[in-house]
Amino acid sequence: MRTSQYLLATQKEIPAEAEVISHKLMLRAGLVRKLASGLYTWLPTGLRVLNNVANIVRDEMNKAGAIEILMPVVQPADLWEESGRWEDYGPELLRVKDRHKRDFVLGPTHEEVITALVRNEVSSYKQLPLNLYQIQTKFRDEVRPRFGIMRGREFTMKDAYSFHLDNASLDDTYKKMYTAYENIFTRLGLEFRAVIADSGSIGGSTSHEFHVLADSGEDAIAFSDSSSYAANVEMASTSREALTEDASSTPVPVPINEFENASDENKLTVYLARASEEAEQEWVILVLRACHSLNDIKAEKLDGVASPLKLASDEKIKELIQCNSSNLGPLNTPYPVYYDHGVVSVSKVYCGANSDEQGFKDVTIAASESTVDIRNAEEGDVSPDGNGKLVIKRGIEVGHIFQLGDKYSSAMNCGVLNETGKHQTLTMGCYGIGVSRIVAAAIEQNHDKYGIIWPEALAPFKVTIIPMNMHKSERIKEVAENLYSTLKAQGIDVLFDDRKERPGVMFADMELIGIPHSIVVGERNLDNKQVEYKHRKTGEKQLLDIDEVVRFISSL
RNA sequence: CGGUGAGUGGCGCAGCUUGGUAGCGCACUUGGUUUGGGUCCAAGGGGUCGCAGGUUCGAAUCCUGUCUCACCGACCA
């Protein structure tokens, strides 16, 4: 490709809207342009990268035995009513009507469509297992799109769905997908971790997320410093470490300001949460050490607690208990109390007394009290597998695999005849990769002050030819043109900067775009029949004989 | 959805308090100059100041309404 015939679209100035580095660089390097909040046009350079990601994903999925299909973006509402998600999915699901006033949705995911397909097309156990995937546009009406392509409303996703007669078969495919994902992210040249995850609203049991490690990541992931344990922080369990001796003590009332001024280490925090519908009381009390934070997901999984977790508003607390939310206390309360494991590892602490006038000190929750796990794991906690301590890092979720079980196949009656001629409901897995998000994640992980540094496999072009003042020198033009056509003939992706620009402009643009290798053709080395090679990542330079260039580049 | 802030040529911004008919830098066009790290000089083209209504002789500027966008929070395969 010649820059003169291309849409380079690089920008010197940073658009004001961009916050994170990948967003800034994607705009400056001319990868994408915003059309509206969360909606982006992919420019030629960006599309090349996106296609590189998609092709690697496709290749590894095919190798792992999955089969590619393509489903519609627009899906009839009936299917979503059948699965129950027309009600459950919430406002993230964009609903539209056609000219006949029939309801449709813009697909945020494709469980419904694939399940409907398979129940019609597959009728015998002999056709199983089956793993189908697509690479396609999804639409989710995010509350707050941000970070450019990273959390857009429309995005490209690879989603695969597998169908099985039994869980052993599902396990088998799940493991294959796990391995395929490791291969994909390794090939993409990204530093990543697979972590144990919550399966969230999509349903199901076993689940892993794949995270690209980056400080700007939206998720916190916890892993052991001395074992292979790794989990999303929201999933990392914490355990109980009671005091060795039960230092029981009698709570002593203290003035409110003494309670307020106590350190978080020596204080308990109390939440008033909605109880589950079956419970006798309408509310429950959750108690944690103030230095810990409440984990919603863990809390709402408790039998007595409503899911999703709903904390009482300040007004509600005033009405029920006549105090501020920060002064709630676990003692002398009519509501059931859930203590976090952590509260039995301290003694003689402060806590609220359901009063804005005073609090308590010298409170010790007896080791005999039963406790639950409702806090977020923290750096330094004992690893849930008992080996080592937890380290917390930030990650960008780029992949997620689930064992769905029969959530969709039951609701939508998807089954086959088994060996004994009986109808049997299938069990399913689903496996997603955020293809477009990977582009942003790769930049978060690979950049410097000059711009993007693409991993080899993602680069929009492998090599760029930068001629110094070609319009003034016939022999530079000749050498550059020759190199360009020879490289191209070898099937190498080469960007030839044939603009009539000053050298500095070309260097800056090519570094911003992040092309891994560049060849500088200048008078300086031409007398020796040489050109200069420069590696984007290391900055290392070397002189090459013109005759060797093609072989050298091919070997990279 | 709550909080905060912003909408002025393609991009980044000033002007608004104190109304008088729009300006700077980048980018773009032309000519010259320079030539291995975003040269310099000159001359140009391009804007119904988000939209609607109001006040006024006169509105980018004041008032009302509305839309959009960003950030923080809540939410989130």
# chains A, B, ... in the order shown; residues from 1 in each chain; ligands from 1
call {"tool": "residues_around", "arguments": {"residues": "Pro15 of chain A", "least_positions_apart": "4", "cutoff": "12 Å", "atoms": "only C-alpha atoms (C1' of nucleotides)", "output": "list of chain:residue names"}}
result
A:Thr10, A:Gln11, A:Glu19, A:Val20, A:Ile21, A:His23, A:Lys24, A:Leu25, A:Met26, A:Leu27, A:Arg28, A:Ala29, A:Gly30, A:Arg33, A:Lys34, A:Gly148, B:G10, B:C11, B:G12, B:C13, B:A70
call {"tool": "write_last_selection", "arguments": {"atoms": "N, CA and C atoms (P, O5', C5', C4', C3', O3' and C1' of nucleotides)", "output": "short mmCIF file (atom, residue, chain, number, x, y, z; two decimals), in the first residue's frame"}}
result
data_model
loop_
_atom_site.label_atom_id
_atom_site.label_comp_id
_atom_site.auth_asym_id
_atom_site.auth_seq_id
_atom_site.Cartn_x
_atom_site.Cartn_y
_atom_site.Cartn_z
N THR A 10 -3.81 10.14 10.31
CA THR A 10 -3.14 10.37 11.60
C THR A 10 -3.38 11.81 12.05
N GLN A 11 -3.33 12.00 13.35
CA GLN A 11 -3.57 13.33 13.92
C GLN A 11 -2.47 13.69 14.88
N GLU A 19 -9.73 9.43 27.14
CA GLU A 19 -9.21 9.38 28.50
C GLU A 19 -8.05 8.38 28.62
N VAL A 20 -8.27 7.17 28.18
CA VAL A 20 -7.22 6.14 28.31
C VAL A 20 -6.31 6.16 27.09
N ILE A 21 -5.12 5.62 27.27
CA ILE A 21 -4.08 5.70 26.25
C ILE A 21 -4.49 4.99 24.96
N HIS A 23 -7.43 4.61 23.69
CA HIS A 23 -8.41 5.42 22.99
C HIS A 23 -7.72 6.59 22.27
N LYS A 24 -6.83 7.26 22.99
CA LYS A 24 -6.09 8.38 22.39
C LYS A 24 -5.31 7.92 21.17
N LEU A 25 -4.60 6.82 21.33
CA LEU A 25 -3.75 6.36 20.23
C LEU A 25 -4.57 5.83 19.06
N MET A 26 -5.70 5.23 19.35
CA MET A 26 -6.54 4.74 18.25
C MET A 26 -7.07 5.89 17.41
N LEU A 27 -7.36 7.01 18.07
CA LEU A 27 -7.83 8.18 17.33
C LEU A 27 -6.66 8.84 16.59
N ARG A 28 -5.55 9.02 17.31
CA ARG A 28 -4.42 9.70 16.69
C ARG A 28 -3.80 8.91 15.54
N ALA A 29 -3.75 7.60 15.69
CA ALA A 29 -3.13 6.78 14.66
C ALA A 29 -4.09 6.49 13.50
N GLY A 30 -5.31 7.03 13.60
CA GLY A 30 -6.25 6.85 12.50
C GLY A 30 -6.79 5.43 12.40
N ARG A 33 -12.86 6.26 14.18
CA ARG A 33 -13.48 7.57 14.39
C ARG A 33 -14.82 7.36 15.06
N LYS A 34 -15.16 8.24 15.98
CA LYS A 34 -16.44 8.11 16.67
C LYS A 34 -17.57 8.66 15.81
N GLY A 148 -13.46 4.51 24.50
CA GLY A 148 -13.44 4.23 23.07
C GLY A 148 -14.02 2.87 22.74
P G B 10 -15.94 21.61 10.01
"O5'" G B 10 -14.82 20.52 10.25
"C5'" G B 10 -15.18 19.13 10.24
"C4'" G B 10 -13.94 18.32 10.49
"C3'" G B 10 -13.29 18.55 11.84
"O3'" G B 10 -13.84 17.72 12.83
"C1'" G B 10 -11.67 18.75 10.14
P C B 11 -13.94 18.20 14.35
"O5'" C B 11 -12.42 18.17 14.79
"C5'" C B 11 -11.78 16.93 15.11
"C4'" C B 11 -10.40 17.19 15.66
"C3'" C B 11 -10.35 18.11 16.87
"O3'" C B 11 -10.63 17.43 18.08
"C1'" C B 11 -8.74 18.81 15.30
P G B 12 -11.29 18.23 19.28
"O5'" G B 12 -10.09 19.15 19.78
"C5'" G B 12 -8.92 18.56 20.34
"C4'" G B 12 -7.95 19.64 20.72
"C3'" G B 12 -8.53 20.75 21.58
"O3'" G B 12 -8.62 20.38 22.94
"C1'" G B 12 -7.23 21.68 19.85
P C B 13 -9.72 21.09 23.85
"O5'" C B 13 -9.58 22.62 23.41
"C5'" C B 13 -9.86 23.65 24.29
"C4'" C B 13 -9.09 24.89 23.86
"C3'" C B 13 -9.80 26.21 24.12
"O3'" C B 13 -9.67 26.61 25.47
"C1'" C B 13 -8.86 26.24 21.95
P A B 70 -19.49 10.30 24.90
"O5'" A B 70 -18.50 11.03 25.91
"C5'" A B 70 -17.20 11.40 25.49
"C4'" A B 70 -16.55 12.24 26.54
"C3'" A B 70 -16.46 11.61 27.93
"O3'" A B 70 -15.35 10.74 28.02
"C1'" A B 70 -17.27 13.81 28.12
#
call {"tool": "select_by_dssp", "arguments": {"residues": "segment 99-199 of chain A", "states": "alpha helix (DSSP H)", "output": "PyMOL selection string"}}
result
chain A and resi 111-121+167-187
call {"tool": "interface_residues", "arguments": {"of": "chain A", "to": "chain B", "cutoff": "6 Å", "atoms": "only C-alpha atoms (C1' of nucleotides)", "output": "ChimeraX atom specification"}}
result
/A:17,504-505
call {"tool": "residues_around", "arguments": {"residues": "C63 of chain B", "least_positions_apart": "4", "cutoff": "12 Å", "atoms": "only C-alpha atoms (C1' of nucleotides)", "output": "PyMOL selection string"}}
result
chain B and resi 53-56+59
call {"tool": "residues_around", "arguments": {"residues": "Ala194 of chain A", "least_positions_apart": "6", "cutoff": "8 Å", "atoms": "only C-alpha atoms (C1' of nucleotides)", "output": "ChimeraX atom specification"}}
result
/A:208-211,230-231
call {"tool": "write_last_selection", "arguments": {"atoms": "C-alpha atoms", "output": "compact mmCIF listing (two decimals), in the first residue's frame"}}
result
# COMPACT_ATOMS: atom_id res chain seq x y z
CA HIS A 208 -13.32 -18.70 33.31
CA GLU A 209 -12.40 -15.23 32.15
CA PHE A 210 -9.33 -14.39 30.11
CA HIS A 211 -7.77 -11.08 31.03
CA ALA A 230 -6.24 -17.08 39.73
CA ALA A 231 -9.73 -15.63 40.00
call {"tool": "residues_around", "arguments": {"residues": "segment 387-397 of chain A", "least_positions_apart": "2", "cutoff": "8 Å", "atoms": "only C-alpha atoms (C1' of nucleotides)", "output": "number ranges by chain"}}
result
A: 209-227, 233, 378-385, 399-400, 441
call {"tool": "write_last_selection", "arguments": {"atoms": "N, CA and C atoms", "output": "compact mmCIF listing (two decimals), in the first residue's frame"}}
result
# COMPACT_ATOMS: atom_id res chain seq x y z
N GLU A 209 -12.63 -16.43 32.95
CA GLU A 209 -12.40 -15.23 32.15
C GLU A 209 -10.95 -15.20 31.72
N PHE A 210 -10.70 -14.60 30.56
CA PHE A 210 -9.33 -14.39 30.11
C PHE A 210 -9.08 -12.89 30.13
N HIS A 211 -8.06 -12.49 30.87
CA HIS A 211 -7.77 -11.08 31.03
C HIS A 211 -6.42 -10.72 30.43
N VAL A 212 -6.40 -9.61 29.71
CA VAL A 212 -5.13 -9.02 29.31
C VAL A 212 -4.70 -8.12 30.46
N LEU A 213 -3.50 -8.30 30.95
CA LEU A 213 -3.06 -7.53 32.11
C LEU A 213 -2.72 -6.10 31.68
N ALA A 214 -3.34 -5.13 32.36
CA ALA A 214 -3.06 -3.72 32.08
C ALA A 214 -3.56 -2.90 33.25
N ASP A 215 -2.77 -1.90 33.63
CA ASP A 215 -3.14 -1.10 34.80
C ASP A 215 -4.47 -0.39 34.63
N SER A 216 -4.84 -0.11 33.39
CA SER A 216 -6.08 0.61 33.16
C SER A 216 -7.29 -0.33 33.12
N GLY A 217 -7.07 -1.62 33.35
CA GLY A 217 -8.16 -2.58 33.26
C GLY A 217 -9.31 -2.27 34.20
N GLU A 218 -10.51 -2.63 33.80
CA GLU A 218 -11.69 -2.34 34.61
C GLU A 218 -11.92 -3.40 35.69
N ASP A 219 -11.29 -4.56 35.52
CA ASP A 219 -11.50 -5.64 36.47
C ASP A 219 -10.27 -5.83 37.34
N ALA A 220 -10.52 -6.27 38.57
CA ALA A 220 -9.41 -6.63 39.45
C ALA A 220 -9.35 -8.15 39.48
N ILE A 221 -8.17 -8.69 39.28
CA ILE A 221 -8.02 -10.13 39.34
C ILE A 221 -7.01 -10.48 40.42
N ALA A 222 -7.28 -11.59 41.08
CA ALA A 222 -6.45 -11.99 42.22
C ALA A 222 -5.76 -13.28 41.88
N PHE A 223 -4.45 -13.33 42.12
CA PHE A 223 -3.83 -14.63 41.97
C PHE A 223 -2.76 -14.87 43.01
N SER A 224 -2.52 -16.16 43.23
CA SER A 224 -1.60 -16.56 44.29
C SER A 224 -0.17 -16.32 43.86
N ASP A 225 0.66 -15.92 44.83
CA ASP A 225 2.07 -15.70 44.50
C ASP A 225 2.84 -17.01 44.46
N SER A 226 2.19 -18.11 44.82
CA SER A 226 2.97 -19.35 44.81
C SER A 226 2.18 -20.57 44.35
N SER A 227 1.04 -20.33 43.67
CA SER A 227 0.37 -21.47 43.05
C SER A 227 -0.30 -20.96 41.78
N VAL A 233 -11.52 -10.96 41.29
CA VAL A 233 -11.61 -10.62 42.71
C VAL A 233 -13.01 -10.87 43.27
N GLU A 378 -8.47 -9.41 49.24
CA GLU A 378 -7.52 -8.31 49.15
C GLU A 378 -6.10 -8.82 49.01
N GLU A 379 -5.26 -7.94 48.53
CA GLU A 379 -3.85 -8.28 48.41
C GLU A 379 -3.34 -8.73 49.77
N GLY A 380 -2.62 -9.84 49.80
CA GLY A 380 -2.05 -10.32 51.06
C GLY A 380 -2.91 -11.38 51.74
N ASP A 381 -4.18 -11.53 51.32
CA ASP A 381 -5.02 -12.59 51.88
C ASP A 381 -4.41 -13.95 51.54
N VAL A 382 -4.73 -14.93 52.37
CA VAL A 382 -4.29 -16.29 52.06
C VAL A 382 -5.02 -16.74 50.79
N SER A 383 -4.30 -17.32 49.86
CA SER A 383 -4.91 -17.81 48.64
C SER A 383 -5.95 -18.86 48.96
N PRO A 384 -7.11 -18.82 48.30
CA PRO A 384 -8.18 -19.77 48.58
C PRO A 384 -7.76 -21.23 48.44
N ASP A 385 -6.74 -21.52 47.68
CA ASP A 385 -6.30 -22.91 47.58
C ASP A 385 -5.29 -23.25 48.67
N GLY A 399 -11.92 -12.41 27.10
CA GLY A 399 -12.55 -13.68 26.76
C GLY A 399 -13.28 -14.23 27.97
N HIS A 400 -14.32 -15.01 27.71
CA HIS A 400 -15.08 -15.58 28.82
C HIS A 400 -15.68 -16.89 28.34
N ALA A 441 -7.04 -3.47 23.97
CA ALA A 441 -6.26 -4.08 25.05
C ALA A 441 -4.80 -4.24 24.64
call {"tool": "select_by_dssp", "arguments": {"residues": "segment 323-386 of chain A", "states": "strand (DSSP E)", "output": "MDAnalysis selection string"}}
result
chainID A and resid 337:340 349:352 358:363 371:372
call {"tool": "residues_around", "arguments": {"residues": "A60 of chain B", "least_positions_apart": "3", "cutoff": "12 Å", "atoms": "only C-alpha atoms (C1' of nucleotides)", "output": "VMD selection string"}}
result
chain B and resid 7 to 8 15 to 16 19 21 to 23 47 to 50
call {"tool": "residues_around", "arguments": {"residues": "segment 297-311 of chain A", "least_positions_apart": "5", "cutoff": "9 Å", "atoms": "only C-alpha atoms (C1' of nucleotides)", "output": "PDB file with C-alpha atoms, in the first residue's frame"}}
result
ATOM      1  CA  ASP A 198     -18.659 -15.553  38.052  1.00  0.00           C
ATOM      2  CA  GLY A 200     -23.242 -13.641  35.900  1.00  0.00           C
ATOM      3  CA  GLU A 234     -15.373 -10.843  42.906  1.00  0.00           C
ATOM      4  CA  MET A 235     -14.995 -14.641  42.975  1.00  0.00           C
ATOM      5  CA  SER A 237     -13.116 -16.649  48.344  1.00  0.00           C
ATOM      6  CA  TYR A 271     -25.150  -2.800  55.929  1.00  0.00           C
ATOM      7  CA  LEU A 272     -28.916  -3.172  55.868  1.00  0.00           C
ATOM      8  CA  ALA A 273     -29.894  -5.266  52.863  1.00  0.00           C
ATOM      9  CA  ARG A 274     -33.165  -6.525  51.494  1.00  0.00           C
ATOM     10  CA  ALA A 275     -33.911 -10.107  52.577  1.00  0.00           C
ATOM     11  CA  SER A 276     -34.898 -12.800  50.115  1.00  0.00           C
ATOM     12  CA  GLU A 277     -38.597 -13.157  49.424  1.00  0.00           C
ATOM     13  CA  GLU A 278     -38.984 -16.397  51.400  1.00  0.00           C
ATOM     14  CA  ALA A 279     -37.431 -14.884  54.543  1.00  0.00           C
ATOM     15  CA  TRP A 283     -34.291  -6.957  55.905  1.00  0.00           C
ATOM     16  CA  VAL A 284     -31.014  -8.507  56.955  1.00  0.00           C
ATOM     17  CA  LEU A 286     -24.457  -7.649  56.948  1.00  0.00           C
ATOM     18  CA  PRO A 336     -31.022 -11.608  61.069  1.00  0.00           C
ATOM     19  CA  VAL A 372     -19.938 -16.217  56.027  1.00  0.00           C
ATOM     20  CA  ASP A 373     -17.775 -15.000  53.153  1.00  0.00           C
ATOM     21  CA  ILE A 374     -19.154 -11.670  51.938  1.00  0.00           C
ATOM     22  CA  ARG A 375     -16.103  -9.488  51.462  1.00  0.00           C
ATOM     23  CA  ASN A 376     -13.788  -8.834  48.527  1.00  0.00           C
TER      24      ASN A 376
END
call {"tool": "atom_distance", "arguments": {"atom1": "atom CA of Tyr450 of chain A", "atom2": "atom CA of Ile515 of chain A"}}
result
11.7 Å
call {"tool": "closest_residue", "arguments": {"among": "A:Gly329, A:His423, A:Arg144, A:Cys430", "to": "G73 of chain B", "atoms": "only C-alpha atoms (C1' of nucleotides)"}}
result
A:Arg144
call {"tool": "atom_distance", "arguments": {"atom1": "atom CA of Arg95 of chain A", "atom2": "atom CA of Pro76 of chain A"}}
result
9.7 Å
call {"tool": "atom_distance", "arguments": {"atom1": "atom CA of Lys500 of chain A", "atom2": "atom CA of Ile466 of chain A"}}
result
11.0 Å
call {"tool": "closest_residue", "arguments": {"among": "A:Glu142, A:Glu280, A:Ser293, A:Asn52", "to": "Glu456 of chain A", "atoms": "only C-alpha atoms"}}
result
A:Asn52
call {"tool": "decode", "arguments": {"residues": "chain B", "atoms": "C-alpha atoms (C1' of nucleotides)", "output": "mmCIF file, in the first residue's frame"}}
result
data_model
loop_
_atom_site.group_PDB
_atom_site.id
_atom_site.type_symbol
_atom_site.label_atom_id
_atom_site.label_comp_id
_atom_site.auth_asym_id
_atom_site.auth_seq_id
_atom_site.Cartn_x
_atom_site.Cartn_y
_atom_site.Cartn_z
ATOM 1 C "C1'" C B 1 -30.292 7.087 36.370
ATOM 2 C "C1'" G B 2 -27.573 10.707 39.995
ATOM 3 C "C1'" G B 3 -23.343 14.342 40.235
ATOM 4 C "C1'" U B 4 -19.907 17.648 37.455
ATOM 5 C "C1'" G B 5 -18.403 20.018 33.117
ATOM 6 C "C1'" A B 6 -18.514 21.130 27.836
ATOM 7 C "C1'" G B 7 -20.850 22.251 22.832
ATOM 8 C "C1'" U B 8 -17.510 28.329 18.471
ATOM 9 C "C1'" G B 9 -14.248 25.858 10.545
ATOM 10 C "C1'" G B 10 -11.665 18.749 10.136
ATOM 11 C "C1'" C B 11 -8.743 18.814 15.295
ATOM 12 C "C1'" G B 12 -7.234 21.683 19.846
ATOM 13 C "C1'" C B 13 -8.859 26.237 21.951
ATOM 14 C "C1'" A B 14 -9.848 31.920 23.017
ATOM 15 C "C1'" G B 15 -13.917 35.354 22.893
ATOM 16 C "C1'" C B 16 -19.185 35.216 26.805
ATOM 17 C "C1'" U B 17 -18.486 38.282 33.162
ATOM 18 C "C1'" U B 18 -19.166 44.162 30.835
ATOM 19 C "C1'" G B 19 -24.285 42.494 23.751
ATOM 20 C "C1'" G B 20 -21.974 46.083 18.420
ATOM 21 C "C1'" U B 21 -21.975 41.153 13.597
ATOM 22 C "C1'" A B 22 -15.974 35.941 15.075
ATOM 23 C "C1'" G B 23 -10.352 35.039 16.305
ATOM 24 C "C1'" C B 24 -5.665 31.957 17.380
ATOM 25 C "C1'" G B 25 -2.694 27.300 16.763
ATOM 26 C "C1'" C B 26 -2.738 22.664 13.985
ATOM 27 C "C1'" A B 27 -4.573 20.647 9.432
ATOM 28 C "C1'" C B 28 -5.874 22.148 4.161
ATOM 29 C "C1'" U B 29 -4.692 25.065 -0.921
ATOM 30 C "C1'" U B 30 -0.918 28.027 -3.788
ATOM 31 C "C1'" G B 31 4.085 30.066 -4.325
ATOM 32 C "C1'" G B 32 8.854 30.217 -2.361
ATOM 33 C "C1'" U B 33 12.329 28.101 1.202
ATOM 34 C "C1'" U B 34 14.248 23.883 3.857
ATOM 35 C "C1'" U B 35 15.655 18.499 3.479
ATOM 36 C "C1'" G B 36 17.839 11.951 8.090
ATOM 37 C "C1'" G B 37 13.253 13.566 13.331
ATOM 38 C "C1'" G B 38 6.616 17.060 13.142
ATOM 39 C "C1'" U B 39 11.419 23.629 8.698
ATOM 40 C "C1'" C B 40 10.488 28.758 7.773
ATOM 41 C "C1'" C B 41 8.043 32.915 4.998
ATOM 42 C "C1'" A B 42 3.983 34.815 2.286
ATOM 43 C "C1'" A B 43 -0.837 34.637 0.200
ATOM 44 C "C1'" G B 44 -5.507 31.985 0.436
ATOM 45 C "C1'" G B 45 -10.168 28.733 1.221
ATOM 46 C "C1'" G B 46 -13.372 27.092 4.987
ATOM 47 C "C1'" G B 47 -17.623 28.660 10.620
ATOM 48 C "C1'" U B 48 -26.292 29.790 10.079
ATOM 49 C "C1'" C B 49 -21.022 30.069 17.282
ATOM 50 C "C1'" G B 50 -25.468 22.384 18.979
ATOM 51 C "C1'" C B 51 -30.882 23.343 18.075
ATOM 52 C "C1'" A B 52 -35.539 26.131 19.069
ATOM 53 C "C1'" G B 53 -37.827 30.183 21.134
ATOM 54 C "C1'" G B 54 -37.487 34.892 23.795
ATOM 55 C "C1'" U B 55 -35.340 39.935 25.336
ATOM 56 C "C1'" U B 56 -33.032 43.929 22.316
ATOM 57 C "C1'" C B 57 -32.172 48.764 17.268
ATOM 58 C "C1'" G B 58 -28.578 44.716 17.512
ATOM 59 C "C1'" A B 59 -27.201 38.115 20.592
ATOM 60 C "C1'" A B 60 -21.561 33.472 20.183
ATOM 61 C "C1'" U B 61 -22.383 36.771 24.490
ATOM 62 C "C1'" C B 62 -28.438 37.818 28.375
ATOM 63 C "C1'" C B 63 -33.148 34.574 29.487
ATOM 64 C "C1'" U B 64 -36.142 29.916 28.736
ATOM 65 C "C1'" G B 65 -36.525 25.222 26.749
ATOM 66 C "C1'" U B 66 -34.284 21.216 24.287
ATOM 67 C "C1'" C B 67 -30.552 17.957 22.176
ATOM 68 C "C1'" U B 68 -25.687 16.013 22.200
ATOM 69 C "C1'" C B 69 -20.941 14.814 24.294
ATOM 70 C "C1'" A B 70 -17.268 13.813 28.121
ATOM 71 C "C1'" C B 71 -15.734 12.686 33.147
ATOM 72 C "C1'" C B 72 -17.082 10.635 38.322
ATOM 73 C "C1'" G B 73 -20.694 7.305 40.597
ATOM 74 C "C1'" A B 74 -24.335 3.350 40.275
ATOM 75 C "C1'" C B 75 -24.619 -0.654 36.461
ATOM 76 C "C1'" C B 76 -22.325 -4.294 33.208
ATOM 77 C "C1'" A B 77 -21.103 -11.155 28.558
#
